[in-house]
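Undergrad: Encoded as structure tokens, here's the structure I'll be asking about.
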Amino acid sequence: MQDRKVRQTMPLPSLPSGGLMRQPSAPFGFTTLRRLASLPRRKQLERLLWHSLALGVAVLFAAPLVWLIIASLQPIGWPPPRTLAWFPHGVAWSNYVEIFRVAPLGLQIGNSLLVSSAGMLITLLTASWAGFAMSQLPPPSRGWLVGLALLLLLIPSGAVWMPRYVLFSSMGLIDTYAALVAPALFGTRSLLALMYYWSFRRISSELYESASLDGAGLWTVWRRIALPLARPTTLAVAVLAFSHYWSDFVDPLLFLKSTQRFTIAVGLRMLQQMNATNWPLLMAAVAVMIAPVLALYLLLQVVLNKDANFLRRVIHPFNE
Amino acid sequence: MAAPFLFGALLLVVLPAALSFALAFMRYDVFASPTWQGVENFVVIFRRDIFWIALRNTLVFAFSAAPLQVFGALLVALLLHPERRGVRLYRAVVYLTSILPDVAYALIWLWLLNPLYGPINLTLSWLGLPTPAWLVDSRTALASLVIVAAVRVGEGMLLLIAARRTVPDSYYDAARIDGADRLRIFWHITLPLLVPWLLLLLIRDLVMAIHSSLTPVLLMTGGGPGYATTLLPFLIYEEAFTHLRLGEAAAMMGGIFALIGPLIGLAGWLTHRWWGDHAG
């Protein structure tokens, strides 16, 4: 600890200041450099190392998506490039038009939108009801309900698709969207009900009590007090539920039979089987499919960044 | 108000689980009504080599992918934990791996790992490194699936960053005053305090790896080459929907439950032990 003070002697001359080159949103901009320059040298090295490591990690994790876009823009008809050159035969934006002609992508996107919106809306109701019930019940039954939700969190829905198929076929639900949206009955994933529970629990009980003294019933309290105060949770649950149904592959694979009902997730599988070697078109379809999911998460990120503690509260329910 | 939740849980989780237990003791092919046949299904599947191959593959897959995933998540979480400029963007990029739909993720990696044209092998050969055939070679196919699964560290990272924040700064200040260096601080403070989270994350990733490999296997390898990547969920899918032997599929599903049941029990016990009733 002593020798660090000795090393701190000469800070590097700081870069010229001035508001012109400020880039507040840039991850590694000019201001970062300037801040670096004002630190002692050992810290400087450390920070520089951190920034290059973090940037490297980010580049590594972004690479698959970048490669996806590059692959989706290769002109059709050429053999795939066997060098690392990005666009040896030019950029084919037309792939993104062509893909809607080759495959019924538009129809499948419509189907997916229908299923995902229905699933999301039902989920918002059932998850918030279940969460509200958990927050209002007296201790012993509350414990049971929360325990059940935590248990469901661990039981993989993937482990029960086969008996679900038997069940749905005996109920005549095969090849209907009801079979796809069914999990919305219990809030799609019990995590979503728990998220509501955790955020409802933070609302002071006096608020509930005074409302019920004023003669408000359970439903009124839920609608007028609990839901409006849990808006960030509602947004997060909506995004999670929508992208769950949008991404769902196994359920439509098992439960849908007629191709005109296919959602885009199974549509991709169909496209893969149709022409396995047409990588540019397949990758373009993949890019189209992931775009809404990425956009929704971006929206969520932007909105929740204003409420910085939100994520911590949601994923970190213990230790309070 | 919890009625839909309870009803849904009963109809879609509890009832199917019971049904699959019952089906395991029946002969059923969807068309004729099921008939009771005792433990016959289990005798049949235990005699088939493919069941043991799939079981072995599943264990190898899960017990290599999950620890790697947790380790990766820990590394990234420790790196991206400090609140510095740009860290939110970096975290978002890492988190991308977890939000991509399974189908899209599998198809993207199918392209990345293409032995001839895939960017990974092009990069490797540009660097002068050997270029394995990845998913096409029975020696590397399972390992490729492990890599693809282990890269998904986004959720684990978020959880561990949140967990790391629960450690009070005063611990670190005290250690620094005592003259502890980085490595010792990590070894004696950060790691022990993160152990509960790491264990829970490991159990969760194990459970996920055991039961949710159907999508990647179906899209990327089809269980091959040979039976190199035939994992239990894929085998169950084939039994139930290609060969219509639902009884045998249910018996195999019993194998999955036998694997994840104890893990789930352990997770519940650990949670209760460490956090008591705060979890509720």
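Naming scheme: A, B, ... for chains in displayed order of the structure tokens; residues 1 onward per chain; ligands 1 onward as shown.
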Using only C-alpha atoms, determine which residues lie at most 6 Å from range 132-134 of chain B, disregarding the query and same-chain residues fewer than 6 positions distant; provide the list as a list in words.

TA: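 The contact residues come out as Pro115, Thr140, Ala141 and Ser144 of chain B.
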
Undergrad: Could you name the residues that touch Pro292 in chain A at 10 Å or less, counting only C-alpha atoms, but leaving out those on the same chain fewer than 4 positions away, as a VMD selection string?

TA: chain A and resid 242 to 243 246 287 to 288 296 to 298

Undergrad: Could you dump the residues just selected with N, CA and C atoms as a compact mmCIF listing (two decimals), in the first residue's frame?

TA:
# COMPACT_ATOMS: atom_id res chain seq x y z
N PHE A 242 -44.63 -11.91 -24.37
CA PHE A 242 -44.72 -11.82 -25.83
C PHE A 242 -43.57 -12.58 -26.47
N SER A 243 -42.37 -12.35 -26.00
CA SER A 243 -41.25 -13.02 -26.67
C SER A 243 -41.23 -14.52 -26.37
N TRP A 246 -43.57 -15.76 -29.05
CA TRP A 246 -42.95 -15.51 -30.35
C TRP A 246 -41.84 -16.54 -30.60
N ALA A 287 -32.99 -13.44 -39.29
CA ALA A 287 -32.86 -12.04 -38.88
C ALA A 287 -34.22 -11.39 -38.73
N VAL A 288 -35.13 -11.69 -39.68
CA VAL A 288 -36.49 -11.13 -39.59
C VAL A 288 -37.18 -11.63 -38.32
N LEU A 296 -38.02 -5.38 -28.70
CA LEU A 296 -38.75 -5.32 -27.44
C LEU A 296 -37.82 -5.21 -26.25
N TYR A 297 -36.73 -6.00 -26.29
CA TYR A 297 -35.79 -5.94 -25.17
C TYR A 297 -35.09 -4.60 -25.10
N LEU A 298 -34.84 -4.03 -26.28
CA LEU A 298 -34.23 -2.70 -26.32
C LEU A 298 -35.16 -1.69 -25.67

Undergrad: Excluding Ser128 in chain A and residues on its chain fewer than 6 positions from it, collect all residues at most 12 Å away from it, counting only C-alpha atoms, and give them as a VMD selection string.

TA: (chain A and resid 120 to 122 134 to 135 184 to 188 190 to 200 219 222 to 223 226 to 228 230 to 231 233 to 235 237 to 238) or (chain B and resid 1 to 5)

Undergrad: Determine which residues of range 186-238 of chain B receive a DSSP assignment of helix (DSSP H, G or I), computed from the backbone, and state them as a ChimeraX atom specification.

TA: /B:186-211,214-221,232-238

Undergrad: For range 26-33 of chain B, find every residue with an atom within 9 Å (counting only C-alpha atoms), except residues of its own chain fewer than 5 positions away, and show them as JSON, numbers by chain.

TA: {"A": [166, 169], "B": [38, 39, 40, 41, 240, 243, 244, 245, 246, 247, 248]}
